[in-house]
Amino acid sequence: MEENEVIGPKSRDRDIEGNKIYRFLKLNSFDELEMDYTRSYLSPKNYFLPFKEDLVTYSLQDKGWEQEINYTIHPRVIVGMRACDINALLKLDQVMLKSAYPNPYYFARRKNTLIIGLDHEPLEDCFCKSMNSDTAFHGFGMFLTDIGDKYFAAINSDTAFIILNRFDAEEITDEDRLLFKAEKKKIELKFKTQVNITILPELMDLEFESEVWKKWGDKCLSCGTCAMVCPTCYCYGMEEDIDLSITKAVKRRFLYSCNLLDFAAVAGGHNFRPDAGVRLKYRYYHQFRGFMEAFDQSLCVGCNRCGNACLAGINPKAVIDDLIETETK
Amino acid sequence: MKIKIDRPINIEIKHMTRVEGHGDIKIRVENGKLAECVWKIVETPRFFEVMFKGLPIEMAPILASRICGICSISHALASARAIENAMQIEIPEAAQKARVLAKHAETLQSHTLHLFFLIAPDFLNALSVIHVIKSNQRLVELAAMIKGFANNASDLFAGRTTHPVVIKIGGLTQVPRKKQLRELAKDLNVTIPYLWEALDVFKKFELPDFTRETEFVSLKGGDCYPFIGGDLVSSDGVRKKEDEYLAMTNEYLVDFSTSKFTRLSRESFAVGALARFSNNYDLLHPKAKEVAGMLNIKPGDFNPFFHNLAQLVECFHVIYESKDMIAELIDSDTSEFSIPYKPEQCEGVGVVEAPRGILYHYYRLNKDGKIEEADCVIPTSQNHANIYYDLQSFVEKLIAQGKGEEEIGHLAQMLVRAYDPCISCSVH
Amino acid sequence: MKYLGITLERPKIGIFDFTGCEGCQLQIANNEASLKDLFGLVEIVNFREISSERRDDYEIAFVEGSITTDSETARLKKIRKQAKILVAMGACACSGGVNNLRSRFSLPETIKEVYGEHHIDSGPVRKLKDIVPVDIELPGCPVSKNEFEWLVRNLVLGITPQFPTYPVCVECKQRLNSCVVDMGMICLGPITRGGCNAVCPRNRFGCWGCRGPSDEVNFESLMEIHIKRGFSEEQVVERINFFNTFSGIFK
Amino acid sequence: MSTKIIQHDINLEPFMSKSPDFNRKSILMQTERSFKSEIINIITLTALEKLFHIRISDHFERENFSFLPGQFVMLHLPGCGEVPISISSSVSNKEYIELCIRKVGKVTGMIHRLEPGAIVGIRGPFGTHFPVQKMTGCDVLLIAGGLGIAPLRSPIYWINEHRSKYRDISIMYGARDPDQVLFDYQFEEWKKIYGLKLLTIVQNAGKNWKGRVGLITDLFKEITIDPENTFAIVCGPPVMFKFVCAHLSDVGIPRHRMFVSLERRMHCGMGKCCRCNVGSTFTCLDGPIFDYWTVMNLKEAI
Ligand SMILES: Cc1cc2nc3c(=O)[nH]c(=O)nc-3n(C[C@H](O)[C@H](O)[C@H](O)COP(=O)(O)OP(=O)(O)OC[C@H]3O[C@@H](n4cnc5c(N)ncnc54)[C@H](O)[C@@H]3O)c2cc1C
Ligand code: SF4
Ligand code: SF4
Ligand code: SF4
C-alpha cells in the first residue's frame with residue numbers, strides 16, 4: 001500500500017434511488033475497497049489512457065527549442081477489474097501495441113500496472129456474454145472468483161504470485177475447483193441481456209442510411225459521455241500550450257469523442273458529420289463494424305456503461321434491436 | 001512673519017482607483033475654508049433586491065454571491081443562513097465548521113488582496129503592485145504565497161475562490177475529504193511564517209495620524225471571534241438580536257450617492273475589521289493579540305488608518321484558528337453535511353461578518369419556496385457615512401496643516417482606501 | 001520576447017468594468033503565482049481595481065460587466081474606438097448575466113422598489129454586443145483564471161483562440177465525477193460550453209450554464225431528461241434563464 | 001501488502017537506443033519525437049501560399065530520412081500545433097524537403113510568420129504514396145486543382161528522374177484566379193526539360209491572363225487518353241476530383257488506376273486519434289493516397 005499506488009472501486013455518491021455510484025479511485029487503505037461493487041460509472045481505462053496526458057515538453061529559446069519525452073510511470077495496482085474491462089484492455093492492446101506505431105505511453109502504463117481481476121454476477125443490462133467478453137484468460141496478473149468464503153485465484157504473473165504468497169493462500173483442492181465451476185456456471189446463466197452481434201457488421205452496412213440513426217440522433221445530446229465512460233473508446237485530440245513566460249511548451253493528448261460536434265471538421269469550416277445522428281452512427285460503426293474489419297472482433301465489450309451513463313437513454317441494446325427490427329421489416 | 005496665501009483647491013477624482021467599484025471624491029477649498037467635500041458613489045445599481053423576487057430559494061445563495069466578486073462567500077453564507085433561520089433549521093456541525101473555514105479563507109484572501117495589492121503601493125510610492133514587483137519583489141512573493149494558500153483553502157471549502165458552489169441551503173454540497181484536509185493543513189503550516197515575514201514589512205509603514213471618534217458596530221461573539229451569526233452590538237452600548245437588524249442599520253438616502261447611508265446612535269458608525277477588533281478583542285487568538293501588541297493597536301483606537309492594522313491582526317487570527325479547526329475537522333465525523341428541508345411561508349435574517357464588516361440578508365418566502373421580498377445591507381454602505389464625515393474632518397485638518405492640493409488628494413484617497421470599500425457591493 | 005525567432009510585441013492591455021461584481025477582474029489578480037509572468041508578457045496600462053496607472057494607449061481591452069446607463073454606453077464606445085481587440089469578459093458582458101433577472105420587472109417598478117421616489121439613472125440591461133462589436137467573448141461567471149491566461153497567451157502569439165465547442169459533460173467525465181443528474185439534480189452541463197473544468201459538478205452541484213451554449217444544443221432532449229426525473233419544465237427553464245446566456249437561442 | 005512492484009522504465013529499454021525509423025513501422029519508438037529542422041529558405045508564391053525549404057538539422061537523421069511521392073509529414077511548431085503537410089519535393093533531394101503551405105488557420109498562420117533560421121519539428125514521413133513504380137511503362141495523367149499541385153510536385157520530380165521508364169506524361173492544372181497559379185516559374189522547365197505536356201486553366205481570367213479560361217474538366221478536350229495504359233493521379237478539392245474521376249471512368253480508365261489524396265483533420269498521423277477515420281479506414285495509415293475504387297466504397301469520403 002505504501003510503496004505502490006492502489007486503485008480500486010469506491011463509492012462516494014449515491015443516485016436518486018440510493019444505489020451506490022462506484023468509481024475507480026485511489027485507495028488510501030484496503031478498508032476502502034468495496035469488493036461487492038456492481039459496475040463502476042466510468043471504466044478504469046483512464047489509468048491506461050489518461051483523459052489528458054502531456055506527451056512532450058519543450059523548452060523554447062530564441063529560434064529553437066529542446067524537447068523532452070518521458071515515459072516514466074510509477075507502478076500501480078488496480079484491484080477489482082471485471083472480465084469485460086480486462087478484455088477491453090486486450091482490445092486496446094491491439095490498437096496501441098500491436099498495430100503500426102505502438103503507443104509507448106500506453107505501453108509504459110500497461111507494463112507498470114498489476115491487474116487483479118474480479119468476477120461478479122452480471123447486472124440486468126450487461127451484455128458482455130454476447131460480445132464474448134464475459135471471461136478473461138489473460139491480460140491480468142491475478143483473477144479472483146468468489147467461491148463462498150474464499151477466492152479462487154488464477155495467477156498470470158510472477159509479481160502476482162509473490163503478492164499472493166503474502167496472504168494465507170492455499171493450494172486449490174478439487175472441491176474448490178467444483179465450486180469454481182459452479183460459480184462460473186451461475187454467472188453464465190445470469191446474463192439477461194443479449195445482443196445479436198453476428199449479423200451486426202452486415203447490418204451496419206445495410207442500415208447505413210437508416211431512419212433509426214435519426215431517431216436516436218434526435219435524442220442525443222452530443223455530450224461525449226458515452227465515449228468518455230466506455231472502456232474501449234480511444235479517439236483523441238491534440239492540443240498544445242505555452243506558458244505565460246513563453247519559455248515552456250507542452251504537447252498534450254486528450255481523449256475525445258466522435259460524438260462531439262467538431263470531431264470531423266476540416267478546412268473552410270466543412271464538417272463531415274454535422275448531425276448528431278450521423279455522429280452517433282459513426283460511433284456504433286466504429287465499435288461494431290470498423291474494428292471488426294481491422295481486428296476481427298468488435299470493439300465493444302458489452303459492459304453497457306455507455307447506456308447506463310447516457311442521460312438520454314441511448315444504449316447499444318436498444319439501438320441494435322431497433323436496427324434489426326427495421327431490417328427485418 | 002508668515003504670509004498665508006489662500007490658493008483655492010479643487011480636487012475632483014473620478015472613479016477612484018484601487019478600490020472595488022466606482023466612487024468619486026470631490027474637494028473644494030475656498031479662502032482657506034472647506035467649501036465642499038463629498039464622497040460620492042456613482043456605481044450603477046443592479047437592483048439585486050428585485051432580482052431575488054420570485055426565485056426559488058435554492059437560487060438565493062447563488063445569486064447573492066454575485067453581489068460582490070470579493071466577498072462572494074460571505075454573501076452566499078448570509079443568504080443561506082437567512083433562509084435557514086427563516087425555516088428554523090439547524091445545519092449539521094461539520095457543515096457549520098466547514099462554512100466558518102470557508103469564511104476564514106475568504107477573509108484571508110480579501111485582507112491580503114487589500115493590504116498587499118491596494119494599500120501597500122501607497123506606502124511604497126508606487127502606482128500599483130505591478131510597480132511594486134520591481135521595487136519590492138519579496139513583498140509580492142509573500143503576497144502570492146499567502147494569497148495562494150487562501151485561494152486553495154477557498155477552493156477546498158467553497159468550491160472555488162470567487163462565487164462559491166458548495167454553499168446550499170441546509171448545509172453544503174460536500175465537505176473536503178480528510179486527505180485533502182491533511183494536505184491543506186500542511187500548506188497552512190508553510191504559510192504562517194510568510195505572514196510573520198510580511199508583518200515586519202507592514203510594521204514599518206507610517207500611518208497618517210488622524211482620529212475621529214465614532215461608533216463601532218459588529219457581531220458579538222459568544223465564545224469565539226464572530227464571523228457567522230450572533231448578537232449585533234455597538235460600542236455605544238446598543239445590543240440587538242439578528243432579526244432586529246433594521247434597528248441597527250437605519251438606512252437613508254442621500255442625493256449625491258447611489259448607495260444608501262446608515263446611522264445608529266450618532267451621525268455615522270463604522271463597521272469592519274477595526275470595529276470587530278474593538279468589540280471582540282478578548283476573543284482573538286493569542287497569536288493575533290501578540291501581533292496587535294507589536295503593531296501598537298488597542299481596542300478603542302479610532303484612527304481609521306488602523307483599519308489596515310486590524311486587518312493584519314485578523315489575518316493572523318483566521319490562519320491560527322483555521323489551523324485548529326482543520327485539525328478538529330480531521331478528527332470528527334464529517335459524513336453529515338446537509339439536511340433536507342421543506343419550504344414554508346416564513347421570513348428570516350442572516351448575519352455574517354464579511355471581510356469589510358457586518359452583512360445582513362433578509363428574505364420573506366412564500367409556501368412554494370419562492371422569494372417574495374429580499375433585503376441586503378452591505379458593510380460598505382454602512383461605512384459610507386463614516387467615510388464621508390471622516391473625509392471632511394481629515395481634509396479640514398490637512399488644510400490647517402497647510403498641505404497642498406496634490407497631497408490632500410493623495411491622502412484623501414488613502415483614507416477612503418483604508419476602509420477597503422467595496423462599492424459595487426454597497427450599491428448592488 | 002521571442003518565439004521561434006519571431007519577436008513578440010508586448011501588447012498594451014486595459015481592463016475596464018461596468019455594471020457587475022468585479023469578480024471577473026478579480027480572477028486576473030487572483031493568479032498571484034503567475035502574475036509576474038503575466039505582467040512581463042503584457043503591459044497593463046489601465047486596471048482601476050488594482051492600479052492607479054491610467055493610460056489610454058491600450059490595444060486590447062478586457063471589458064467586464066453589463067451596460068445600464070447612457071454614460072456607460074458612451075464610455076464603452078470610447079473604449080471600442082481605442083481598442084484593436086475588445087474582449088467581453090464574463091457572463092455580464094457577454095449576455096447581461098444575472099443582471100438580466102431584473103428585466104422580469106419594469107424599470108420604474110424596479111427603481112421604486114429599491115429607492116422609492118429617489119432619482120436613479122438606470123436603463124435596461126444590455127450586453128456589450130448590443131452596443132459595440134465584440135471580438136472575443138470570454139465566457140463564465142466568473143471567468144476562469146486559467147482560461148483568461150490562455151487567452152492572453154494566444155493573443156500575444158497572434159493566434160485566434162478556439163474555445164471548446166463541446167459541453168461541460170466532457171470535462172466532468174475527465175474529472176471522474178459522478179453525474180449529478182443521476183444524483184437527482186438539475187444540470188445544464190450537456191448544453192453548456194466546456195472549458196471551466198466542470199467546477200460545479202465537481203463540487204456535487206449541477207451546472208447553471210454560466211458559460212452559455214456549446215456549439216450543439218439539444219434543449220428538447222435536455223428537458224425530456226429532467227422531466228423524466230421528476231423536475232418540472234418551469235424549474236429547468238428557470239435554470240436556463242438564470243444567467244441569460246442562452247437568450248436568443250432558447251425561447 | 002509490502003511487495004514493491006518492480007518499475008519498468010521503458011525509457012531505458014534497448015529499443016530506445018535505435019534511431020527512430022519511420023518507414024519501418026513495427027518497432028516501438030519515440031513516436032512523439034520530432035526531428036529538429038531548420039527553415040533554410042522561404043519562397044512566397046502567392047498571398048496565401050509559401051514554399052518552405054526545411055532541412056533536418058541532425059546529420060544522421062537527415063541521411064536516414066526517406067520518403068516516397070505522396071507521403072506527408074507532421075510539421076510541428078512547439079506550443080502552437082502540429083499539421084499534416086504533403087512533401088512537395090523530390091525524393092532524391094537529401095538536403096532539404098520542400099513544403100508548400102497555405103495559410104488557413106492557427107498553425108499555418110504561424111508558419112507564415114516565421115523567418116529563415118527558425119527551428120521547426122518534423123515527424124514522418126507518414127501515409128501511403130503514389131504507386132509510381134507500378135506506373136512504369138504507362139501514360140501518366142496528373143491532374144491538380146488549386147493547392148493540389150503541391151503533392152504532385154514530388155511524383156513529377158520522380159517521373160523526371162526516371163523519365164525513360166514512363167510514356168506520355170500530361171499535367172492538367174486548374175486554379176480559380178490567375179494569381180493563384182502556383183509554381184508557374186517552373187512550368188517552362190517542366191515542359192522543356194522534363195518533356196511533359198502541361199495544360200493550365202483558370203476559372204476567372206483577369207486582365208493579364210492569356211491562357212485558357214474554364215473548368216478543369218474542359219481540358220480533357222485537349223488530350224487523348226489511352227485508357228488501357230494510363231494511370232491518373234488527382235489532387236484537389238473533393239468536388240473537383242469527384243467530377244474529374246467520373247469523367248476518367250467514363251473514358252474507360254479503371255478506377256483502381258486512379259489515385260486521389262484525401263484530406264482529413266489529423267491529430268496524430270499514426271492511426272490512433274481516429275480523427276481521420278472513415279469507417280475502418282484511417283486516412284493517415286491507409287491513405288492519404290487511395291485508389292478511386294476504395295474511395296468510392298468509403299462511406300462519406302467526399
Ligand atoms: C494528408 C494531408 C496533406 C496535406 N498537405 C497540405 C499541403 O501540402 N499544404 C497545405 O497547405 N495544407 C496541407 N494539408 C492541410 C493542412 O494540414 C491544414 O490546412 C492544416 O492542418 C490547418 O491547420 P491550422 O492549424 O493552420 O488550421 P486550424 O486553425 O486548425 O483550422 C483552420 C481551418 O482549417 C481546417 N483544418 C484544420 N485541420 C485541417 C486538416 N488536417 N485538413 C483540412 N482542413 C483542416 C479547420 O477546419 C479550419 O477551418 C494537408 C492535409 C492532409 C490531411
Ligand atoms: S457497452 Fe458501450 S461503454 Fe461498454 S464497451 Fe460497448 S460501447 Fe463501450
Ligand atoms: S460575470 Fe459574474 S463574476 Fe463576472 S462580473 Fe458578472 S457577476 Fe461578476
Ligand atoms: S459547471 Fe456550469 S455553472 Fe459551473 S462554471 Fe461551468 S459552466 Fe458555469
# chains A, B, ... in the order shown; residues from 1 in each chain; ligands from 1
$ interface_residues --of "chain C" --to "chain B" --cutoff "8 Å" --atoms "only C-alpha atoms" --output "PyMOL selection string"
chain C and resi 19-24+26-27+30-33+36+39+48-53+68-69+98-99+101-102+105+110-111+113-115+118+120-122+141-142+199-200+203-205
$ closest_atom_pairs --of "chain D" --to "chain C" --cutoff "9 Å" --atoms "only C-alpha atoms" --output "CSV"
residue,atom,partner,partner_atom,distance
D:Leu77,CA,C:Leu4,CA,8.3
D:Pro78,CA,C:Leu4,CA,8.9
D:Cys80,CA,C:Ile159,CA,8.7
D:Gly105,CA,C:Thr160,CA,8.3
D:Lys106,CA,C:Ile159,CA,5.9
D:Val107,CA,C:Ile159,CA,8.5
D:Gly109,CA,C:Ile159,CA,8.1
D:Met110,CA,C:Ile159,CA,7.8
D:Arg113,CA,C:Ile6,CA,7.3
D:Leu114,CA,C:Ile6,CA,6.3
D:Glu115,CA,C:Gly5,CA,7.1
D:Pro116,CA,C:Gly5,CA,8.8
D:Gly117,CA,C:Gly5,CA,7.6
D:Ala118,CA,C:Leu4,CA,5.3
D:Ile119,CA,C:Leu4,CA,6.4
D:Val120,CA,C:Leu4,CA,7.8
$ interface_residues --of "chain A" --to "chain D" --cutoff "6 Å" --atoms "only C-alpha atoms" --output "count of residues only"
22
$ interface_residues --of "chain A" --to "chain B" --cutoff "12 Å" --atoms "only C-alpha atoms" --output "list in words"
Arg12, Asp13, Lys26, Leu27, Asn28 and Ser29 of chain A
$ write_last_selection --atoms "C-alpha atoms" --output "mmCIF file, in the first residue's frame"
data_model
loop_
_atom_site.group_PDB
_atom_site.id
_atom_site.type_symbol
_atom_site.label_atom_id
_atom_site.label_comp_id
_atom_site.auth_asym_id
_atom_site.auth_seq_id
_atom_site.Cartn_x
_atom_site.Cartn_y
_atom_site.Cartn_z
ATOM 1 C CA ARG A 12 -18.731 8.245 -2.628
ATOM 2 C CA ASP A 13 -22.086 9.155 -4.031
ATOM 3 C CA LYS A 26 -7.035 5.767 -5.468
ATOM 4 C CA LEU A 27 -7.306 3.786 -2.254
ATOM 5 C CA ASN A 28 -5.768 5.064 0.923
ATOM 6 C CA SER A 29 -6.296 1.768 2.695
#
$ interface_residues --of "chain C" --to "chain A" --cutoff "9 Å" --atoms "only C-alpha atoms" --output "mmCIF file with C-alpha atoms, in the first residue's frame"
data_model
loop_
_atom_site.group_PDB
_atom_site.id
_atom_site.type_symbol
_atom_site.label_atom_id
_atom_site.label_comp_id
_atom_site.auth_asym_id
_atom_site.auth_seq_id
_atom_site.Cartn_x
_atom_site.Cartn_y
_atom_site.Cartn_z
ATOM 1 C CA MET C 1 10.395 38.041 -26.095
ATOM 2 C CA LYS C 2 10.874 35.646 -28.964
ATOM 3 C CA TYR C 3 9.040 32.648 -30.274
ATOM 4 C CA LEU C 4 10.815 30.601 -32.944
ATOM 5 C CA GLY C 5 12.644 33.706 -33.977
ATOM 6 C CA ILE C 6 9.559 35.893 -34.176
ATOM 7 C CA THR C 7 9.785 38.884 -31.889
ATOM 8 C CA SER C 34 1.780 33.780 -12.415
ATOM 9 C CA ASP C 37 4.877 36.416 -15.841
ATOM 10 C CA LEU C 38 1.618 37.970 -16.935
ATOM 11 C CA GLY C 40 6.054 40.503 -18.261
ATOM 12 C CA LEU C 41 4.062 39.277 -21.219
ATOM 13 C CA GLU C 149 -4.325 33.422 -19.185
ATOM 14 C CA TRP C 150 -4.707 31.007 -22.048
ATOM 15 C CA VAL C 152 -3.746 36.239 -23.265
ATOM 16 C CA ARG C 153 -1.067 33.803 -24.402
ATOM 17 C CA ASN C 154 -2.908 33.221 -27.630
ATOM 18 C CA THR C 165 -17.082 23.563 -28.757
ATOM 19 C CA TYR C 166 -18.026 20.617 -26.586
ATOM 20 C CA PRO C 167 -20.211 20.692 -23.482
ATOM 21 C CA VAL C 168 -19.215 20.611 -19.827
ATOM 22 C CA CYS C 169 -20.010 16.867 -19.657
ATOM 23 C CA VAL C 170 -16.725 16.038 -21.353
ATOM 24 C CA GLU C 171 -14.623 17.679 -18.682
ATOM 25 C CA CYS C 172 -16.935 16.393 -15.996
ATOM 26 C CA LYS C 173 -16.158 12.825 -17.031
ATOM 27 C CA GLN C 174 -12.495 13.640 -17.249
ATOM 28 C CA ARG C 175 -12.514 14.617 -13.624
ATOM 29 C CA LEU C 176 -14.088 11.241 -12.806
ATOM 30 C CA ASN C 177 -17.151 12.859 -11.269
ATOM 31 C CA SER C 178 -20.331 11.004 -10.642
ATOM 32 C CA CYS C 179 -23.072 12.524 -12.738
ATOM 33 C CA VAL C 180 -25.141 14.937 -10.664
ATOM 34 C CA VAL C 181 -28.237 14.212 -12.743
ATOM 35 C CA ASP C 182 -28.059 10.629 -11.554
ATOM 36 C CA MET C 183 -27.810 12.049 -8.062
ATOM 37 C CA GLY C 184 -31.064 13.909 -8.522
ATOM 38 C CA MET C 185 -30.067 17.407 -9.502
ATOM 39 C CA GLY C 189 -23.769 20.583 -18.352
ATOM 40 C CA PRO C 190 -24.935 18.760 -21.505
ATOM 41 C CA ILE C 191 -25.736 22.029 -23.257
ATOM 42 C CA ASP C 215 -21.871 24.587 -30.291
ATOM 43 C CA GLU C 216 -24.570 21.961 -30.390
ATOM 44 C CA VAL C 217 -27.531 22.281 -28.076
ATOM 45 C CA ASN C 218 -30.430 19.892 -27.751
ATOM 46 C CA PHE C 219 -32.963 21.610 -25.495
ATOM 47 C CA GLU C 220 -35.735 19.120 -26.164
ATOM 48 C CA SER C 221 -33.666 16.203 -25.055
ATOM 49 C CA LEU C 222 -32.377 18.064 -22.011
ATOM 50 C CA GLU C 224 -37.103 15.380 -21.515
ATOM 51 C CA ILE C 225 -34.307 14.038 -19.365
#
$ select_by_dssp --residues "range 60-154 of chain A" --states "strand (DSSP E)" --output "ChimeraX atom specification"
/A:60-61,64-69,76-81,113-118,142-147,150-154
$ residues_around --residues "Gly32 in chain B" --least-positions-apart "2" --cutoff "12 Å" --atoms "only C-alpha atoms" --output "list in words"
Lys4, Ile5, Asp6, Arg7, Pro8, Ile9, Asn10, Arg28, Val29, Glu30, Leu34, Ala35, Glu36, Val395, Glu396, Lys397, Leu398, Ile399, Ala400, Gln401, Gly402, Lys403, Gly404 and Glu405 of chain B
$ residues_near_ligand --ligand "ligand 4" --cutoff "6 Å" --atoms "only C-alpha atoms and all ligand atoms" --output "VMD selection string"
chain C and resid 140 189 192 196 198 to 201 207 to 211
$ select_by_dssp --residues "range 81-228 of chain D" --states "alpha helix (DSSP H)" --output "ChimeraX atom specification"
/D:106-113,149-161,184-192
$ residues_near_ligand --ligand "ligand 2" --cutoff "10 Å" --atoms "only C-alpha atoms and all ligand atoms" --output "PyMOL selection string"
chain A and resi 41-43+84-85+87-88+125-128+131+133+225-233+283-284+286-288+298-310+314-317
$ write_last_selection --atoms "N, CA and C atoms" --output "short mmCIF file (atom, residue, chain, number, x, y, z; two decimals), in the first residue's frame"
data_model
loop_
_atom_site.label_atom_id
_atom_site.label_comp_id
_atom_site.auth_asym_id
_atom_site.auth_seq_id
_atom_site.Cartn_x
_atom_site.Cartn_y
_atom_site.Cartn_z
N TYR A 41 -19.02 3.57 -12.63
CA TYR A 41 -19.65 4.52 -13.54
C TYR A 41 -18.75 4.77 -14.75
N LEU A 42 -17.50 5.04 -14.47
CA LEU A 42 -16.52 5.18 -15.56
C LEU A 42 -15.66 3.92 -15.57
N SER A 43 -15.17 3.59 -16.74
CA SER A 43 -14.30 2.43 -16.82
C SER A 43 -12.92 2.83 -16.30
N CYS A 84 -14.81 -8.01 -18.42
CA CYS A 84 -15.05 -7.20 -19.62
C CYS A 84 -14.04 -6.07 -19.71
N ASP A 85 -13.67 -5.50 -18.56
CA ASP A 85 -12.69 -4.43 -18.58
C ASP A 85 -11.32 -4.94 -19.02
N ASN A 87 -10.86 -7.54 -20.96
CA ASN A 87 -10.97 -7.76 -22.40
C ASN A 87 -10.88 -6.46 -23.18
N ALA A 88 -11.44 -5.42 -22.58
CA ALA A 88 -11.36 -4.11 -23.23
C ALA A 88 -9.90 -3.70 -23.39
N ASP A 125 -28.37 -5.40 -17.25
CA ASP A 125 -28.17 -4.90 -18.60
C ASP A 125 -26.80 -5.22 -19.20
N CYS A 126 -25.99 -6.01 -18.50
CA CYS A 126 -24.70 -6.38 -19.08
C CYS A 126 -24.94 -7.29 -20.28
N PHE A 127 -24.20 -7.03 -21.35
CA PHE A 127 -24.32 -7.98 -22.46
C PHE A 127 -22.95 -8.44 -22.94
N CYS A 128 -22.04 -8.53 -21.98
CA CYS A 128 -20.68 -8.89 -22.37
C CYS A 128 -20.60 -10.33 -22.86
N MET A 131 -20.89 -10.32 -26.36
CA MET A 131 -19.70 -9.80 -27.02
C MET A 131 -18.48 -10.69 -26.77
N SER A 133 -17.04 -11.39 -24.05
CA SER A 133 -16.08 -10.74 -23.17
C SER A 133 -16.37 -11.04 -21.70
N THR A 225 -20.39 11.76 -23.44
CA THR A 225 -20.33 10.93 -22.24
C THR A 225 -20.07 9.46 -22.56
N CYS A 226 -20.76 8.96 -23.59
CA CYS A 226 -20.65 7.53 -23.89
C CYS A 226 -19.21 7.15 -24.14
N ALA A 227 -18.51 7.96 -24.90
CA ALA A 227 -17.12 7.62 -25.23
C ALA A 227 -16.21 7.80 -24.03
N MET A 228 -16.55 8.75 -23.19
CA MET A 228 -15.70 9.00 -22.02
C MET A 228 -15.77 7.85 -21.03
N VAL A 229 -16.96 7.26 -20.87
CA VAL A 229 -17.08 6.19 -19.87
C VAL A 229 -16.73 4.82 -20.45
N CYS A 230 -16.72 4.72 -21.76
CA CYS A 230 -16.50 3.43 -22.41
C CYS A 230 -15.08 2.92 -22.15
N PRO A 231 -14.94 1.63 -21.88
CA PRO A 231 -13.60 1.11 -21.64
C PRO A 231 -12.75 0.99 -22.89
N THR A 232 -13.36 1.11 -24.05
CA THR A 232 -12.56 0.89 -25.26
C THR A 232 -12.44 2.11 -26.17
N CYS A 233 -13.31 3.09 -26.03
CA CYS A 233 -13.20 4.24 -26.92
C CYS A 233 -11.86 4.93 -26.71
N ARG A 283 -20.05 6.23 -34.23
CA ARG A 283 -19.53 5.59 -33.02
C ARG A 283 -19.89 4.10 -33.07
N TYR A 284 -21.13 3.82 -33.38
CA TYR A 284 -21.53 2.41 -33.47
C TYR A 284 -20.80 1.72 -34.60
N HIS A 286 -17.88 2.32 -35.76
CA HIS A 286 -16.52 2.02 -35.36
C HIS A 286 -16.50 0.83 -34.40
N GLN A 287 -17.40 0.86 -33.43
CA GLN A 287 -17.43 -0.19 -32.42
C GLN A 287 -17.72 -1.57 -33.01
N PHE A 288 -18.73 -1.62 -33.86
CA PHE A 288 -19.23 -2.94 -34.27
C PHE A 288 -18.81 -3.35 -35.66
N SER A 298 -15.29 -7.16 -32.43
CA SER A 298 -15.84 -5.83 -32.30
C SER A 298 -15.18 -5.15 -31.11
N LEU A 299 -15.20 -3.86 -31.14
CA LEU A 299 -14.51 -3.09 -30.10
C LEU A 299 -15.30 -3.11 -28.80
N CYS A 300 -16.61 -3.15 -28.92
CA CYS A 300 -17.47 -3.11 -27.74
C CYS A 300 -17.31 -4.39 -26.93
N VAL A 301 -17.26 -4.26 -25.60
CA VAL A 301 -17.19 -5.46 -24.77
C VAL A 301 -18.51 -5.74 -24.06
N GLY A 302 -19.48 -4.89 -24.27
CA GLY A 302 -20.80 -5.18 -23.72
C GLY A 302 -20.99 -4.85 -22.26
N CYS A 303 -20.29 -3.86 -21.77
CA CYS A 303 -20.44 -3.51 -20.35
C CYS A 303 -21.65 -2.62 -20.12
N ASN A 304 -22.17 -2.07 -21.18
CA ASN A 304 -23.30 -1.14 -21.13
C ASN A 304 -23.05 0.09 -20.25
N ARG A 305 -21.82 0.46 -20.08
CA ARG A 305 -21.56 1.70 -19.34
C ARG A 305 -22.14 2.89 -20.09
N CYS A 306 -21.97 2.85 -21.42
CA CYS A 306 -22.47 3.98 -22.19
C CYS A 306 -23.98 4.11 -22.03
N GLY A 307 -24.65 2.97 -22.07
CA GLY A 307 -26.10 3.01 -21.93
C GLY A 307 -26.51 3.51 -20.56
N ASN A 308 -25.74 3.10 -19.57
CA ASN A 308 -26.05 3.49 -18.20
C ASN A 308 -25.78 4.97 -17.98
N ALA A 309 -24.71 5.48 -18.58
CA ALA A 309 -24.35 6.87 -18.32
C ALA A 309 -25.11 7.84 -19.21
N CYS A 310 -25.58 7.37 -20.35
CA CYS A 310 -26.25 8.29 -21.26
C CYS A 310 -27.54 8.78 -20.64
N ILE A 314 -29.75 6.38 -24.51
CA ILE A 314 -29.33 5.68 -25.71
C ILE A 314 -28.39 4.55 -25.29
N ASN A 315 -28.74 3.31 -25.65
CA ASN A 315 -27.85 2.21 -25.29
C ASN A 315 -27.75 1.22 -26.43
N PRO A 316 -26.63 0.51 -26.51
CA PRO A 316 -26.38 -0.35 -27.66
C PRO A 316 -27.50 -1.35 -27.88
N LYS A 317 -27.97 -1.95 -26.82
CA LYS A 317 -29.02 -2.96 -26.95
C LYS A 317 -30.22 -2.39 -27.70
#
$ closest_residue --among "D:Met172, D:Met74, D:Ile85, D:Leu141" --to "ligand 1" --atoms "only C-alpha atoms and all ligand atoms"
D:Ile85
$ atom_distance --atom1 "atom 10 (C, counted along the ligand's line) of ligand 1" --atom2 "CA of Ser86 in chain D"
7.0 Å
$ residues_around --residues "Leu33 in chain A" --least-positions-apart "6" --cutoff "8 Å" --atoms "only C-alpha atoms" --output "compact mmCIF listing (two decimals) with N, CA, C and O atoms, in the first residue's frame"
# COMPACT_ATOMS: atom_id res chain seq x y z
N GLY A 8 -8.87 1.13 -6.83
CA GLY A 8 -9.93 0.14 -6.69
C GLY A 8 -11.29 0.80 -6.68
O GLY A 8 -11.39 2.02 -6.60
N PRO A 9 -12.33 -0.01 -6.75
CA PRO A 9 -13.68 0.56 -6.76
C PRO A 9 -14.05 1.14 -5.40
O PRO A 9 -13.84 0.51 -4.37
N LYS A 10 -14.59 2.34 -5.44
CA LYS A 10 -15.01 3.02 -4.21
C LYS A 10 -16.32 3.72 -4.52
O LYS A 10 -16.54 4.11 -5.67
N LEU A 27 -6.94 4.24 -3.59
CA LEU A 27 -7.31 3.79 -2.25
C LEU A 27 -6.25 4.24 -1.25
O LEU A 27 -5.06 4.17 -1.53
